[in-house]
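Shown below: coords.cif, with mmCIF, C-alpha atoms and all ligand atoms.
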```cif
data_model
loop_
_atom_site.label_atom_id
_atom_site.label_comp_id
_atom_site.auth_asym_id
_atom_site.auth_seq_id
_atom_site.Cartn_x
_atom_site.Cartn_y
_atom_site.Cartn_z
CA MET A 244 5.89 -11.38 77.46
CA SER A 245 8.39 -13.16 75.24
CA ASP A 246 10.60 -10.60 73.57
CA MET A 247 13.65 -12.44 72.38
CA ASN A 248 14.58 -15.59 70.54
CA GLU A 249 17.24 -16.76 68.12
CA PHE A 250 15.41 -15.36 65.04
CA HIS A 251 14.91 -12.03 66.64
CA LEU A 252 16.97 -8.95 65.88
CA SER A 253 17.57 -6.78 68.94
CA ALA A 254 16.07 -3.31 69.16
CA GLU A 255 19.59 -1.84 68.87
CA ALA A 256 20.40 -3.91 65.79
CA ILE A 257 17.18 -2.81 64.11
CA ARG A 258 17.68 0.83 65.07
CA GLY A 259 21.22 0.67 63.66
CA THR A 260 19.86 -0.12 60.19
CA ILE A 261 17.63 2.97 60.04
CA LYS A 262 18.96 6.07 58.31
CA VAL A 263 16.86 9.08 59.26
CA PRO A 264 16.88 11.67 56.47
CA ALA A 265 17.13 15.41 57.16
CA HIS A 266 13.88 17.34 56.99
CA PRO A 267 13.43 19.05 53.61
CA VAL A 268 13.31 22.84 53.78
CA LYS A 269 9.79 24.12 53.15
CA PRO A 270 9.89 26.71 50.31
CA ASP A 271 8.88 30.18 51.41
CA ILE A 272 6.04 31.29 49.12
CA THR A 273 3.47 34.05 49.44
CA ALA A 274 -0.22 33.38 50.05
CA GLU A 275 -0.92 34.43 46.44
CA GLU A 276 1.66 32.00 45.06
CA LYS A 277 0.28 29.20 47.22
CA LYS A 278 -3.25 29.84 46.01
CA ALA A 279 -2.11 29.75 42.37
CA LEU A 280 -0.10 26.57 42.99
CA LYS A 281 -3.11 24.86 44.56
CA GLU A 282 -5.32 25.86 41.62
CA ARG A 283 -2.80 24.39 39.16
CA ILE A 284 -2.69 21.13 41.16
CA LYS A 285 -6.49 20.93 41.27
CA LYS A 286 -6.66 21.34 37.50
CA LEU A 287 -4.02 18.64 36.92
CA MET A 288 -5.79 16.30 39.34
CA ARG A 289 -9.13 16.79 37.60
CA GLU A 290 -7.56 16.20 34.18
CA GLN A 291 -6.04 12.95 35.46
CA ASP A 292 -9.19 11.75 37.25
CA ALA A 293 -7.25 11.75 40.52
CA THR A 294 -8.20 12.14 44.17
CA LEU A 295 -5.91 13.05 47.06
CA VAL A 296 -5.62 10.78 50.11
CA ALA A 297 -3.59 12.45 52.86
CA HIS A 298 -2.48 11.51 56.36
CA TYR A 299 -2.88 13.86 59.35
CA TYR A 300 0.92 14.16 59.66
CA THR A 301 1.39 15.75 56.24
CA ASP A 302 1.82 19.47 55.79
CA GLY A 303 -1.34 21.49 56.57
CA ASP A 304 -1.37 22.86 52.99
CA ILE A 305 -1.77 19.31 51.66
CA GLN A 306 -4.50 18.42 54.15
CA GLU A 307 -6.33 21.63 53.20
CA LEU A 308 -6.03 20.82 49.49
CA ALA A 309 -7.32 17.27 50.01
CA GLU A 310 -10.37 18.61 51.84
CA GLU A 311 -11.02 21.31 49.24
CA MET A 312 -10.97 18.64 46.52
CA GLY A 313 -13.31 16.23 48.33
CA GLY A 314 -10.44 13.81 48.94
CA CYS A 315 -9.54 12.26 52.25
CA VAL A 316 -7.60 13.39 55.32
CA ALA A 317 -7.48 10.59 57.86
CA ASP A 318 -5.56 7.97 59.80
CA SER A 319 -4.14 4.84 58.18
CA LEU A 320 -7.34 2.85 58.69
CA GLU A 321 -9.54 5.34 56.89
CA MET A 322 -6.93 6.02 54.19
CA ALA A 323 -7.06 2.28 53.36
CA ARG A 324 -10.83 2.27 53.26
CA PHE A 325 -11.22 5.52 51.31
CA GLY A 326 -9.34 4.21 48.26
CA THR A 327 -11.82 1.35 47.90
CA THR A 328 -14.80 3.71 47.69
CA ALA A 329 -13.31 6.57 45.63
CA LYS A 330 -14.77 6.87 42.13
CA GLU A 331 -11.56 8.30 40.63
CA GLN A 332 -9.17 6.04 38.69
CA THR A 333 -6.02 7.52 40.23
CA LEU A 334 -5.26 7.68 43.95
CA VAL A 335 -2.58 10.22 44.87
CA VAL A 336 -1.33 9.24 48.31
CA SER A 337 0.30 11.90 50.48
CA GLY A 338 1.85 10.04 53.34
CA VAL A 339 4.45 7.29 53.49
CA ARG A 340 5.05 4.35 51.24
CA PHE A 341 3.15 1.67 53.16
CA MET A 342 0.02 3.82 52.77
CA GLY A 343 0.46 3.90 48.99
CA GLU A 344 1.14 0.15 48.96
CA THR A 345 -2.00 -0.58 50.97
CA ALA A 346 -4.00 1.51 48.50
CA LYS A 347 -2.54 -0.47 45.58
CA ILE A 348 -3.04 -3.86 47.28
CA LEU A 349 -6.73 -3.09 47.72
CA ASN A 350 -7.22 -1.36 44.37
CA PRO A 351 -5.06 -3.13 41.77
CA GLU A 352 -7.09 -1.69 38.89
CA LYS A 353 -6.32 1.87 39.99
CA ARG A 354 -3.18 3.90 39.43
CA VAL A 355 -1.58 4.81 42.77
CA LEU A 356 0.91 7.69 42.74
CA MET A 357 3.14 9.19 45.41
CA PRO A 358 5.28 12.31 45.04
CA ASP A 359 8.31 10.57 46.57
CA LEU A 360 8.54 6.78 46.71
CA GLY A 361 11.48 7.18 49.10
CA ALA A 362 9.06 8.34 51.81
CA THR A 363 9.30 5.29 54.01
CA CYS A 364 8.88 4.62 57.73
CA SER A 365 11.33 3.38 60.37
CA LEU A 366 8.92 0.57 61.32
CA ASP A 367 8.72 -0.67 57.74
CA GLU A 368 12.50 -0.31 57.24
CA GLY A 369 13.21 -2.16 60.48
CA CYS A 370 11.20 -5.25 59.53
CA PRO A 371 12.76 -6.87 56.43
CA ALA A 372 10.57 -9.62 54.94
CA ASP A 373 13.21 -12.39 55.00
CA ALA A 374 14.08 -11.98 58.71
CA PHE A 375 10.41 -11.59 59.57
CA THR A 376 9.49 -14.75 57.66
CA ALA A 377 12.15 -16.70 59.58
CA PHE A 378 10.72 -15.36 62.84
CA CYS A 379 7.19 -16.47 61.84
CA ASP A 380 8.41 -19.86 60.62
CA ALA A 381 10.00 -20.43 64.02
CA HIS A 382 6.60 -19.92 65.71
CA PRO A 383 4.04 -21.70 63.52
CA ASP A 384 1.56 -21.99 66.42
CA HIS A 385 1.14 -18.18 66.61
CA THR A 386 -1.36 -15.99 64.77
CA VAL A 387 0.66 -13.36 62.90
CA VAL A 388 -0.60 -9.80 63.39
CA VAL A 389 1.24 -6.99 61.63
CA TYR A 390 0.86 -3.26 61.93
CA ALA A 391 -0.06 -1.33 58.78
CA ASN A 392 3.44 0.24 58.81
CA THR A 393 5.03 -2.72 56.97
CA SER A 394 5.91 -3.68 53.41
CA ALA A 395 3.57 -5.64 51.15
CA ALA A 396 5.90 -8.66 51.49
CA VAL A 397 5.59 -8.61 55.30
CA LYS A 398 1.79 -8.26 55.07
CA ALA A 399 1.81 -11.24 52.71
CA ARG A 400 3.17 -13.37 55.60
CA ALA A 401 0.49 -12.17 58.05
CA ASP A 402 -2.89 -13.46 59.18
CA TRP A 403 -4.13 -10.01 60.19
CA MET A 404 -3.13 -6.43 59.50
CA VAL A 405 -4.14 -3.78 62.04
CA THR A 406 -3.78 -0.03 62.43
CA SER A 407 -3.50 1.75 65.76
CA GLY A 408 -7.23 2.55 65.55
CA ILE A 409 -8.29 -1.09 65.54
CA ALA A 410 -5.42 -3.09 67.05
CA LEU A 411 -6.96 -3.44 70.51
CA PRO A 412 -10.37 -4.87 69.51
CA ILE A 413 -8.76 -7.26 67.02
CA VAL A 414 -6.24 -8.62 69.54
CA LYS A 415 -9.03 -8.91 72.15
CA HIS A 416 -11.01 -10.89 69.58
CA LEU A 417 -8.01 -13.20 68.98
CA LYS A 418 -7.67 -13.69 72.74
CA GLU A 419 -11.32 -14.79 72.90
CA GLN A 420 -10.52 -17.35 70.19
CA GLY A 421 -7.67 -18.64 72.40
CA GLU A 422 -4.99 -17.67 69.87
CA LYS A 423 -1.33 -16.87 70.60
CA VAL A 424 -0.12 -13.70 68.90
CA LEU A 425 3.12 -12.89 67.09
CA TRP A 426 3.25 -9.12 66.66
CA ALA A 427 5.36 -6.88 64.40
CA PRO A 428 6.96 -4.48 64.03
CA ASP A 429 6.33 -1.79 66.69
CA GLN A 430 7.50 -3.01 70.10
CA HIS A 431 5.89 -0.09 71.96
CA LEU A 432 2.45 -0.50 70.42
CA GLY A 433 2.80 -4.27 70.90
CA ARG A 434 3.68 -3.86 74.59
CA TYR A 435 0.77 -1.44 75.08
CA ILE A 436 -1.68 -3.91 73.50
CA GLU A 437 -0.24 -6.70 75.59
CA LYS A 438 -0.71 -4.66 78.76
CA VAL A 439 -4.31 -3.70 77.97
CA THR A 440 -5.49 -7.08 76.65
CA GLY A 441 -3.40 -9.40 78.84
CA VAL A 442 -2.47 -11.45 75.75
CA ASP A 443 1.04 -12.91 75.84
CA MET A 444 2.60 -11.69 72.57
CA LEU A 445 5.86 -12.37 70.80
CA LEU A 446 7.13 -8.91 69.88
CA TRP A 447 9.31 -7.79 66.98
CA GLN A 448 11.61 -5.04 68.29
CA GLY A 449 10.99 -2.22 65.81
CA SER A 450 10.17 1.36 66.76
CA CYS A 451 9.10 4.68 65.34
CA VAL A 452 11.98 7.16 65.36
CA VAL A 453 9.56 10.04 65.91
CA HIS A 454 7.62 8.70 68.90
CA GLU A 455 10.66 7.11 70.49
CA GLU A 456 12.21 10.54 70.99
CA PHE A 457 9.64 11.75 73.49
CA LYS A 458 11.31 12.19 76.86
CA SER A 459 9.58 11.19 80.09
CA VAL A 460 11.44 13.38 82.61
CA ALA A 461 10.96 16.46 80.44
CA LEU A 462 7.29 15.50 80.03
CA GLU A 463 6.87 15.31 83.80
CA ARG A 464 8.35 18.81 84.04
CA ILE A 465 6.00 20.21 81.38
CA ARG A 466 3.02 18.57 83.08
CA ARG A 467 3.99 20.34 86.31
CA LEU A 468 4.15 23.65 84.44
CA HIS A 469 0.70 23.01 82.91
CA PRO A 470 -1.33 21.06 85.48
CA ASP A 471 -4.54 21.99 83.65
CA ALA A 472 -3.43 20.28 80.41
CA ALA A 473 -4.43 16.78 79.29
CA VAL A 474 -1.67 14.57 77.85
CA LEU A 475 -2.50 12.80 74.57
CA ALA A 476 -0.15 10.13 73.22
CA HIS A 477 0.01 7.90 70.18
CA PRO A 478 0.68 4.29 71.23
CA GLU A 479 3.90 4.17 69.19
CA SER A 480 5.36 6.17 72.10
CA PRO A 481 7.40 4.30 74.73
CA GLU A 482 5.71 2.98 77.88
CA HIS A 483 7.10 5.73 80.14
CA ILE A 484 5.27 8.29 77.97
CA LEU A 485 2.03 6.26 77.70
CA ASP A 486 2.01 5.88 81.51
CA GLN A 487 1.70 9.66 81.77
CA ALA A 488 -1.07 10.03 79.18
CA ASP A 489 -4.74 10.80 79.79
CA VAL A 490 -5.61 9.49 76.32
CA VAL A 491 -3.71 6.88 74.28
CA GLY A 492 -4.91 6.26 70.75
CA SER A 493 -4.75 6.56 66.99
CA THR A 494 -4.36 9.95 65.36
CA THR A 495 -8.14 10.11 64.90
CA LYS A 496 -8.75 9.33 68.57
CA LEU A 497 -6.33 12.08 69.64
CA ILE A 498 -8.07 14.59 67.36
CA GLU A 499 -11.44 13.60 68.82
CA ALA A 500 -10.03 14.07 72.33
CA VAL A 501 -8.98 17.66 71.58
CA ALA A 502 -12.42 18.41 70.13
CA THR A 503 -14.51 16.81 72.86
CA ARG A 504 -12.62 16.99 76.17
CA LYS A 505 -13.25 19.84 78.56
CA GLU A 506 -9.58 20.89 78.91
CA GLU A 507 -8.44 24.00 77.00
CA LYS A 508 -4.82 22.88 76.85
CA PHE A 509 -3.19 19.67 75.57
CA ILE A 510 0.32 18.24 75.61
CA ILE A 511 0.63 16.09 72.49
CA ALA A 512 3.02 13.15 72.14
CA THR A 513 2.80 12.52 68.42
CA ASP A 514 3.89 14.09 65.12
CA ASP A 515 3.06 17.79 65.17
CA GLY A 516 1.60 17.63 61.63
CA ILE A 517 -1.57 16.62 63.47
CA PHE A 518 -1.85 20.15 64.92
CA TRP A 519 -3.38 21.41 61.66
CA LYS A 520 -6.45 19.22 62.07
CA MET A 521 -6.58 19.77 65.83
CA HIS A 522 -6.60 23.54 65.33
CA GLN A 523 -9.35 23.14 62.74
CA VAL A 524 -11.64 21.09 65.01
CA ALA A 525 -10.89 23.05 68.20
CA PRO A 526 -9.69 26.52 67.14
CA GLY A 527 -9.43 28.09 70.60
CA LYS A 528 -7.50 25.32 72.32
CA GLU A 529 -3.80 25.45 73.17
CA LEU A 530 -1.57 22.66 71.84
CA ILE A 531 1.87 21.99 73.26
CA SER A 532 4.26 19.48 71.70
CA ALA A 533 5.57 16.89 74.17
CA PRO A 534 9.33 17.42 74.64
CA THR A 535 11.66 15.42 72.40
CA ALA A 536 15.03 16.32 73.90
CA GLY A 537 16.29 16.70 77.45
CA GLU A 538 18.53 19.58 78.52
CA GLY A 539 21.54 19.95 76.23
CA ALA A 540 20.37 17.08 74.01
CA THR A 541 19.34 17.31 70.39
CA CYS A 542 16.45 15.64 68.64
CA GLU A 543 16.69 13.81 65.34
CA SER A 544 13.08 13.87 64.19
CA CYS A 545 11.88 16.64 66.56
CA ALA A 546 8.24 15.45 66.69
CA HIS A 547 7.94 15.50 62.93
CA CYS A 548 8.32 12.48 60.71
CA PRO A 549 11.09 13.16 58.15
CA TRP A 550 9.40 10.82 55.65
CA MET A 551 5.98 12.43 55.98
CA ALA A 552 7.80 15.74 55.41
CA MET A 553 8.77 14.51 51.91
CA ASN A 554 5.27 15.53 50.79
CA SER A 555 4.85 19.12 49.64
CA LEU A 556 2.60 21.08 47.28
CA GLN A 557 5.67 21.63 45.10
CA ASN A 558 6.56 17.98 44.58
CA LEU A 559 2.89 17.13 44.16
CA GLU A 560 2.70 19.51 41.20
CA GLU A 561 5.99 18.21 39.77
CA MET A 562 4.66 14.66 39.97
CA LEU A 563 1.39 15.54 38.25
CA LEU A 564 3.31 17.25 35.44
CA ASN A 565 5.42 14.13 34.94
CA PRO A 566 3.56 11.15 36.44
CA GLY A 567 5.96 8.44 35.27
CA PRO A 568 6.96 5.10 36.81
CA GLN A 569 9.18 6.87 39.34
CA HIS A 570 5.96 7.86 41.13
CA GLU A 571 3.81 4.80 40.63
CA ILE A 572 3.31 2.03 43.19
CA ASN A 573 3.58 -1.42 41.64
CA ILE A 574 3.45 -4.69 43.57
CA ASP A 575 4.19 -8.20 42.38
CA GLU A 576 0.79 -9.84 41.81
CA SER A 577 1.40 -12.94 43.93
CA ILE A 578 2.51 -10.79 46.89
CA ARG A 579 -0.40 -8.41 46.36
CA GLU A 580 -3.00 -11.17 46.37
CA ARG A 581 -1.58 -12.68 49.55
CA ALA A 582 -1.14 -9.29 51.26
CA MET A 583 -4.75 -8.40 50.54
CA LEU A 584 -6.08 -11.14 52.85
CA PRO A 585 -4.97 -9.68 56.22
CA ILE A 586 -6.02 -6.17 55.13
CA ARG A 587 -9.47 -7.33 54.00
CA ARG A 588 -9.84 -9.24 57.26
CA MET A 589 -9.21 -6.00 59.17
CA LEU A 590 -11.60 -3.96 57.01
CA ASP A 591 -14.34 -6.59 57.37
CA PHE A 592 -13.81 -6.58 61.14
CA ALA A 593 -14.01 -2.76 61.16
CA ASP A 594 -17.26 -2.85 59.16
CA SER A 595 -18.89 -5.47 61.33
CA HIS A 596 -17.88 -3.65 64.54
CA GLY A 597 -18.65 -0.10 63.32
CA ILE A 598 -15.02 1.08 63.73
CA SER A 599 -13.96 4.09 61.66
CA GLY A 600 -10.68 5.95 61.29
CA LYS A 601 -12.32 9.16 60.15
CA TYR A 602 -12.88 12.10 62.44
CA GLN A 603 -16.66 12.11 62.94
CA GLY A 604 -16.98 15.73 64.08
CA ASN A 605 -18.56 18.52 62.09
CA ALA A 606 -15.38 20.20 60.75
P1 LIG B 701 -2.49 6.30 62.62
O1 LIG B 701 -3.03 5.10 61.96
O2 LIG B 701 -2.91 6.44 64.06
O3 LIG B 701 -2.81 7.53 61.85
O4 LIG B 701 -0.89 6.17 62.70
C1 LIG B 701 -0.08 6.09 61.58
C2 LIG B 701 1.32 6.38 61.89
O5 LIG B 701 2.21 6.14 61.10
C3 LIG B 701 1.65 6.95 63.18
O6 LIG B 701 3.00 7.19 63.28
FE1 LIG B 702 6.62 5.65 60.54
FE2 LIG B 702 6.91 6.99 62.79
FE3 LIG B 702 6.80 8.30 60.48
FE4 LIG B 702 4.57 7.11 61.50
S1 LIG B 702 5.72 8.85 62.37
S2 LIG B 702 5.28 7.05 59.39
S3 LIG B 702 5.50 5.30 62.43
S4 LIG B 702 8.41 6.87 61.13
#
```
Could you take the file, read its structure, and then write that structure out as structure tokens?
Ligand code: 13P
Ligand code: SF4
Amino acid sequence: MSDMNEFHLSAEAIRGTIKVPAHPVKPDITAEEKKALKERIKKLMREQDATLVAHYYTDGDIQELAEEMGGCVADSLEMARFGTTAKEQTLVVSGVRFMGETAKILNPEKRVLMPDLGATCSLDEGCPADAFTAFCDAHPDHTVVVYANTSAAVKARADWMVTSGIALPIVKHLKEQGEKVLWAPDQHLGRYIEKVTGVDMLLWQGSCVVHEEFKSVALERIRRLHPDAAVLAHPESPEHILDQADVVGSTTKLIEAVATRKEEKFIIATDDGIFWKMHQVAPGKELISAPTAGEGATCESCAHCPWMAMNSLQNLEEMLLNPGPQHEINIDESIRERAMLPIRRMLDFADSHGISGKYQGNA
């Protein structure tokens, strides 16, 4: 593995640039008020020919609304694909900014709205396009593979885009072609892929502030307390967490594991927004969040992405009442056209290999 070179920012330098916002306080409303709010949103969405595309980490109320409206609740792979098949002219993306940008890159003729354009991602923030371009330019003999959690400008410099649900088969495919891989931005996912595929990869040193907080010693302790539980981890988690996992995979793969495995209890090392879907597909099963802080320590994200938490029913309604430019994703056309190539390459690969990011169960 070749981690460092002169164009490479260190993990500490990257982490130092990330400002993690505080979690917004969820308004306390009654069941009646929530029902009325959801009905108002549905009406506004219908009037604006809009569909809702939500990630599994968003608030359960939003996931429920998306399902009730025939929208999409999925991982990043399926969110990208869904926008291309939706008949509506407006895509409302509940998630983080790179998800809205991917929707716009693939659907330039559609209006793509997000309640809060400040909902970013530490991986995206930690991979500025100019530094990344210099890194790529220094290694012209490498195939550039970027994770979905990047800006449009970074995707525009890539040969392939991947999500966690498809990264392994694509990198295996590149290995078969004898290609050398430059990977960005998540060092932990990159290292995991490198370990599984045996491909020597140049790794950008970014990380997810949510998954990086999971603590291995505390996880060992919880596993001892619950020896009958299976450990499920998203591959953005550090190696010492992945080494303890029974299942490592995308959000969709982790949901499938809860639904199909024989265990009744699961320790989950990913954002706890996913519990809503897990409870829906496996109502009787017990879900325990993997520990994020050792004794006496505090957690910053506490197993919940502060940017995903910027999506609420309340700001969704506010946006639909005033859907101005402050909510609309716009991308420079030359960047968009270039960024579309690595995304299309991934979607074509997914189609030809029958890979989906949608939970295939009966819920
Ligand atoms: P998935 O594609 O597995 O849903 O992951 C997206 C993400 O941002 C995880 O932190
Ligand atoms: Fe980014 Fe991590 Fe939030 Fe996913 S959970 S959107 S990787 S900061």
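Considering the residues A:Ile574, A:Val296, A:Trp403, A:Glu499 and counting all atoms listed in the file, Gln603 (chain A) has its shortest atom-to-atom contact with A:Glu499.
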Among the residues A:His522, A:Glu571, A:Phe509, A:Arg588, the one that comes closest to Ala346 (chain A) [using only C-alpha atoms]: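 Checking each of A:His522, A:Glu571, A:Phe509, A:Arg588 against Ala346 (chain A), counting only C-alpha atoms, the winner is A:Glu571.
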Environment of ligand LIG 702 (chain B) within 6 Å, counting all atoms listed in the file, reported as a list in words: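 The distance check yields Val339, Cys364, Ser365, Leu366, Cys451, Val452, Val453 and Cys548 of chain A.
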Residues within 10 Å of Leu475 (chain A), all atoms listed in the file, excluding chain neighbours under 2 positions, as an NGL selection string: :A and (472-473 or 477-478 or 484-485 or 487-492 or 494 or 496-498 or 500-501 or 509-513 or 532-533)
Around all of region 395-401 of chain A's listed atoms, make the axis-aligned box with 5 Å on each side and tell me centre and edge lengths in Å to one decimal, as lines of an AutoDock Vina configuration file.
```
center_x = 3.2
center_y = -9.5
center_z = 54.6
size_x = 15.4
size_y = 17.7
size_z = 16.9
```
Interatomic distance, CA of Glu561 (chain A) to CA of Lys353 (chain A) (Å, one decimal):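 It comes out at 20.5 Å.
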